[in-house]
Each structure stands twice: as structure tokens, then as C-alpha cells.
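Asker: As input, take entry.cif (mmCIF, C-alpha atoms):
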data_protein
loop_
_atom_site.label_atom_id
_atom_site.label_comp_id
_atom_site.auth_asym_id
_atom_site.auth_seq_id
_atom_site.Cartn_x
_atom_site.Cartn_y
_atom_site.Cartn_z
CA MET A 1 106.60 93.87 143.74
CA SER A 2 106.82 95.24 140.28
CA GLN A 3 109.99 96.15 138.52
CA HIS A 4 110.19 99.14 136.21
CA ALA A 5 112.92 99.58 133.67
CA GLU A 6 114.66 102.91 133.64
CA PRO A 7 113.57 105.13 130.76
CA SER A 8 116.14 105.52 128.03
CA PRO A 9 117.94 108.84 127.78
CA GLY A 10 116.08 111.37 125.69
CA ARG A 11 112.70 109.69 126.17
CA PRO A 12 110.18 110.96 128.67
CA SER A 13 108.81 108.68 131.32
CA HIS A 14 105.02 108.45 131.33
CA GLY A 15 103.81 107.42 134.75
CA GLY A 16 106.74 105.07 135.34
CA ASP A 17 105.77 102.83 132.43
CA ALA A 18 108.95 102.66 130.36
CA SER A 19 107.45 100.05 128.06
CA TRP A 20 104.98 102.69 126.79
CA ALA A 21 107.85 104.99 125.83
CA GLN A 22 109.62 102.15 124.10
CA ARG A 23 106.51 101.07 122.17
CA SER A 24 105.63 104.60 121.13
CA GLY A 25 109.07 105.17 119.64
CA ASP A 26 109.35 101.85 117.85
CA ARG A 27 107.16 100.28 115.22
CA SER A 28 104.14 98.66 116.83
CA GLY A 29 104.41 94.90 116.98
CA TRP A 30 101.07 94.30 115.30
CA VAL A 31 101.95 96.60 112.40
CA ALA A 32 105.37 95.01 111.95
CA GLY A 33 103.77 91.57 112.20
CA GLY A 34 101.13 92.69 109.71
CA VAL A 35 103.82 93.62 107.21
CA VAL A 36 105.55 90.26 107.58
CA PHE A 37 102.18 88.52 107.29
CA ALA A 38 101.43 90.64 104.21
CA GLY A 39 104.72 89.45 102.69
CA VAL A 40 103.80 85.83 103.34
CA LEU A 41 100.32 86.42 101.91
CA LEU A 42 101.86 87.99 98.80
CA LEU A 43 104.08 84.92 98.36
CA LEU A 44 101.11 82.57 98.69
CA ASN A 45 98.83 84.81 96.61
CA GLY A 46 101.41 84.89 93.83
CA ALA A 47 101.99 81.13 93.86
CA LEU A 48 98.27 80.39 93.87
CA ALA A 49 97.60 82.92 91.10
CA VAL A 50 100.24 81.22 88.94
CA LEU A 51 98.58 77.85 89.56
CA GLN A 52 95.16 79.39 88.89
CA GLY A 53 96.48 80.79 85.61
CA ILE A 54 98.04 77.49 84.57
CA ALA A 55 94.72 75.72 85.24
CA ALA A 56 92.89 78.30 83.12
CA ILE A 57 95.39 77.98 80.26
CA ALA A 58 95.63 74.17 80.31
CA GLU A 59 91.94 73.27 80.20
CA ASP A 60 88.98 75.42 79.32
CA ASP A 61 86.66 73.18 81.32
CA VAL A 62 88.32 73.79 84.72
CA TYR A 63 86.29 76.94 85.33
CA ALA A 64 82.59 77.21 84.56
CA ARG A 65 81.32 80.69 83.86
CA ILE A 66 78.07 81.71 85.53
CA GLY A 67 75.87 83.60 83.06
CA THR A 68 76.98 86.46 80.87
CA TYR A 69 79.41 89.11 82.02
CA VAL A 70 80.27 92.58 80.75
CA TYR A 71 84.04 92.13 81.12
CA GLU A 72 84.26 88.94 79.11
CA MET A 73 87.68 87.49 78.23
CA SER A 74 88.69 83.98 77.20
CA LEU A 75 90.01 81.67 79.88
CA THR A 76 93.36 81.55 78.10
CA GLY A 77 93.56 85.34 78.39
CA TRP A 78 92.67 85.17 82.09
CA GLY A 79 95.27 82.44 82.54
CA ILE A 80 98.00 84.62 81.08
CA VAL A 81 96.91 87.57 83.26
CA HIS A 82 97.01 85.40 86.40
CA VAL A 83 100.37 83.82 85.58
CA VAL A 84 102.09 87.16 84.89
CA LEU A 85 100.47 88.97 87.82
CA GLY A 86 101.09 86.00 90.13
CA ALA A 87 104.78 85.85 89.25
CA LEU A 88 105.18 89.59 89.91
CA VAL A 89 103.29 89.31 93.22
CA PHE A 90 105.44 86.34 94.27
CA VAL A 91 108.69 88.22 93.59
CA THR A 92 107.34 91.27 95.43
CA GLY A 93 106.37 89.15 98.45
CA TYR A 94 109.90 87.76 98.55
CA GLY A 95 111.31 91.28 98.32
CA LEU A 96 109.03 92.42 101.11
CA LEU A 97 110.22 89.63 103.40
CA ARG A 98 113.80 90.63 102.58
CA ASP A 99 112.85 94.23 103.55
CA MET A 100 113.68 95.65 100.13
CA ALA A 101 112.87 99.34 99.69
CA TRP A 102 110.99 98.90 96.41
CA ALA A 103 108.77 96.07 97.65
CA ARG A 104 106.37 98.07 99.82
CA MET A 105 105.04 100.43 97.14
CA THR A 106 105.19 97.71 94.50
CA GLY A 107 103.23 95.42 96.83
CA ILE A 108 100.49 98.03 97.22
CA VAL A 109 100.24 98.51 93.45
CA LEU A 110 100.27 94.78 92.66
CA ALA A 111 97.77 93.94 95.42
CA SER A 112 95.50 96.63 93.95
CA LEU A 113 95.86 95.11 90.47
CA SER A 114 95.22 91.66 91.91
CA LEU A 115 92.09 92.94 93.62
CA ILE A 116 90.81 94.32 90.31
CA ALA A 117 91.73 91.12 88.44
CA GLN A 118 89.94 88.97 91.04
CA PHE A 119 86.87 91.20 90.79
CA LEU A 120 86.80 90.73 87.04
CA PHE A 121 87.32 86.97 87.48
CA LEU A 122 84.25 86.66 89.77
CA PRO A 123 82.02 84.84 87.22
CA TYR A 124 84.54 82.03 86.86
CA SER A 125 85.40 81.47 90.52
CA PRO A 126 83.15 83.55 92.81
CA VAL A 127 84.04 82.22 96.26
CA TRP A 128 87.77 82.07 95.65
CA SER A 129 87.78 85.54 94.10
CA VAL A 130 86.02 87.05 97.12
CA ILE A 131 88.52 85.39 99.48
CA MET A 132 91.46 86.67 97.43
CA MET A 133 89.95 90.16 97.30
CA ALA A 134 89.73 90.21 101.11
CA ILE A 135 93.36 89.10 101.37
CA ASP A 136 94.40 91.82 98.90
CA VAL A 137 92.61 94.46 101.00
CA PHE A 138 94.47 93.27 104.10
CA VAL A 139 97.80 93.36 102.25
CA ILE A 140 97.13 96.92 101.04
CA TRP A 141 96.21 98.01 104.57
CA ALA A 142 99.26 96.37 106.16
CA LEU A 143 101.69 97.86 103.65
CA ALA A 144 100.09 101.31 103.73
CA SER A 145 100.04 101.50 107.54
CA ARG A 146 103.74 100.76 107.96
CA GLN A 147 105.73 103.79 109.01
CA ASP A 148 109.36 104.30 108.09
CA SER A 149 111.71 105.10 110.95
CA SER A 150 112.70 108.39 109.24
CA SER A 151 109.10 109.64 109.23
CA ARG A 152 108.66 109.09 112.99
CA ALA A 153 111.07 111.70 114.24
#
Kindly transcribe the structure held in the file into C-alpha cells.
Answerer:
Amino acid sequence: MSQHAEPSPGRPSHGGDASWAQRSGDRSGWVAGGVVFAGVLLLLNGALAVLQGIAAIAEDDVYARIGTYVYEMSLTGWGIVHVVLGALVFVTGYGLLRDMAWARMTGIVLASLSLIAQFLFLPYSPVWSVIMMAIDVFVIWALASRQDSSSRA
């Protein structure tokens, strides 16, 4: 025997499956989970970027550059960029986990800037930069796909 929950008032029943009506009206679990995961990734991305920046500032021999590169900057300059961007990303990730209104759009902008910075940092740390770029793309997707409850009327 199967049990079916009664549909809520004001929501149509689709073939007796009330869970479909409930899921279609609420935020999908995988999108909501993606936003929380994006917040956690922003926290970790920010903390790791700060550590990456500190390593670049502290010692110039931590990173070895591969060949010449068009977008050349000193490691101290890259360290400062990573520390500042990482701190902003960390604060935004915290705000996103606290469901702050400003954090979603700020997270998209900062993840985009982080993606660009990691692309430009490719000669110094190619594997790590590609991994971070993939994480930034996921964060942008998760934050952009979230729908506000007011827009789903």
C-alpha cells in the first residue's frame, strides 16, 4: 500500500503525487544544496587564496614560473592580489552561508574575478589554478541558478 499526502490548498494535484507539487513550488534541494556548497567553497577558496598570497609574498622561490608570459607581474604583486581577493571571497562566503542579501551577487562577481586571477596565475601554479578555476565556475553556476522566492510566483 502506498500513502499519498493530501495536496496543500491552492496547489494542483498532479496524478496524486503531492511531493511533485511541493517540489515544484519550493527551491529544488540540489540547487539549495549547491548554494550552501558554493558558500563553503567560497570560504575555503578565500582561505586558500590568502595562504597562497602569503606564500607568494614571503618567499619568491615558492613558485617557479614556467617560461615567459604576456601578463607578467612580480610574485609580491600576485601575493597582494591573492591576499586581498581571498579575504573578500572569505567574507562573502560567510555572508552567503548566513543568507545575506548582498552575498549572492557579490559572490558571483568575486568568483569571476578569482577565475580571471587564477587564469593569469597559470604560469606559476598550473594544476592548482585549473582546479580553482573549475571551482569558481561551479560557484558562479550555483549562485546564478538560485531563484528567489519572490520571482517564483
Asker: Set out as JSON lines a contact list for range 62-118 of chain A and range 123-137 of chain A with a cut-off of 12 Å, giving each residue of range 62-118 of chain A that qualifies its closest atom pair and distance in Å to one decimal, counting all atoms listed in the file, ordered by chain and rising residue number.
Answerer:
{"residue": "A:Val62", "atom": "CA", "partner": "A:Tyr124", "partner_atom": "CA", "distance": 9.3}
{"residue": "A:Tyr63", "atom": "CA", "partner": "A:Tyr124", "partner_atom": "CA", "distance": 5.6}
{"residue": "A:Ala64", "atom": "CA", "partner": "A:Tyr124", "partner_atom": "CA", "distance": 5.7}
{"residue": "A:Arg65", "atom": "CA", "partner": "A:Tyr124", "partner_atom": "CA", "distance": 4.6}
{"residue": "A:Ile66", "atom": "CA", "partner": "A:Pro123", "partner_atom": "CA", "distance": 5.3}
{"residue": "A:Gly67", "atom": "CA", "partner": "A:Pro123", "partner_atom": "CA", "distance": 7.5}
{"residue": "A:Thr68", "atom": "CA", "partner": "A:Pro123", "partner_atom": "CA", "distance": 8.3}
{"residue": "A:Tyr69", "atom": "CA", "partner": "A:Pro123", "partner_atom": "CA", "distance": 7.2}
{"residue": "A:Val70", "atom": "CA", "partner": "A:Pro123", "partner_atom": "CA", "distance": 10.2}
{"residue": "A:Tyr71", "atom": "CA", "partner": "A:Pro123", "partner_atom": "CA", "distance": 9.7}
{"residue": "A:Glu72", "atom": "CA", "partner": "A:Pro123", "partner_atom": "CA", "distance": 9.4}
{"residue": "A:Met73", "atom": "CA", "partner": "A:Tyr124", "partner_atom": "CA", "distance": 10.7}
{"residue": "A:Ser74", "atom": "CA", "partner": "A:Tyr124", "partner_atom": "CA", "distance": 10.7}
{"residue": "A:Leu75", "atom": "CA", "partner": "A:Tyr124", "partner_atom": "CA", "distance": 8.9}
{"residue": "A:Trp78", "atom": "CA", "partner": "A:Tyr124", "partner_atom": "CA", "distance": 9.9}
{"residue": "A:Gly79", "atom": "CA", "partner": "A:Tyr124", "partner_atom": "CA", "distance": 11.6}
{"residue": "A:Val89", "atom": "CA", "partner": "A:Asp136", "partner_atom": "CA", "distance": 10.8}
{"residue": "A:Gly107", "atom": "CA", "partner": "A:Asp136", "partner_atom": "CA", "distance": 9.8}
{"residue": "A:Ile108", "atom": "CA", "partner": "A:Asp136", "partner_atom": "CA", "distance": 8.9}
{"residue": "A:Val109", "atom": "CA", "partner": "A:Asp136", "partner_atom": "CA", "distance": 10.4}
{"residue": "A:Leu110", "atom": "CA", "partner": "A:Asp136", "partner_atom": "CA", "distance": 9.1}
{"residue": "A:Ala111", "atom": "CA", "partner": "A:Asp136", "partner_atom": "CA", "distance": 5.3}
{"residue": "A:Ser112", "atom": "CA", "partner": "A:Asp136", "partner_atom": "CA", "distance": 7.0}
{"residue": "A:Leu113", "atom": "CA", "partner": "A:Asp136", "partner_atom": "CA", "distance": 9.2}
{"residue": "A:Ser114", "atom": "CA", "partner": "A:Asp136", "partner_atom": "CA", "distance": 7.0}
{"residue": "A:Leu115", "atom": "CA", "partner": "A:Met133", "partner_atom": "CA", "distance": 5.1}
{"residue": "A:Ile116", "atom": "CA", "partner": "A:Met133", "partner_atom": "CA", "distance": 8.2}
{"residue": "A:Ala117", "atom": "CA", "partner": "A:Ser129", "partner_atom": "CA", "distance": 8.9}
{"residue": "A:Gln118", "atom": "CA", "partner": "A:Ser129", "partner_atom": "CA", "distance": 5.1}
Asker: Rank nothing, just name the residue among A:Val84, A:Ile54, A:Val91, A:Val139 nearest to Ala103 in chain A, using only C-alpha atoms.
Answerer: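 Among the listed residues, A:Val91 lies closest to Ala103 in chain A.
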Asker: List every protein, DNA or RNA residue with an atom no more than 12 Å from (107.9, 93.9, 101.7) in the file's coordinates, counting all atoms listed in the file, and format the result as a ChimeraX atom specification.
Answerer: /A:32-43,89-108,110-111,139-140,142-144,146
Asker: Just the number, please: distance in Å from CA of Ile57 in chain A to CA of Leu88 in chain A, one decimal.
Answerer: 18.0 Å
Asker: Please write the residues picked by the PyMOL selection byres ((chain A and resi 47) around 9) on this file as a list in words.
Answerer: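 When the PyMOL selection byres ((chain A and resi 47) around 9) is applied to the shown file, the picked residues are Leu42, Leu43, Leu44, Asn45, Gly46, Leu48, Ala49, Val50, Leu51, Gln52, Val83, Gly86, Ala87, Val89 and Phe90 of chain A.
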Asker: Which residue gives the smallest distance to Ile80 in chain A among A:Ala58, A:Ser145, A:Leu120, A:Gly53, with only C-alpha atoms counted?
Answerer: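 Nearest to Ile80 in chain A: A:Gly53.
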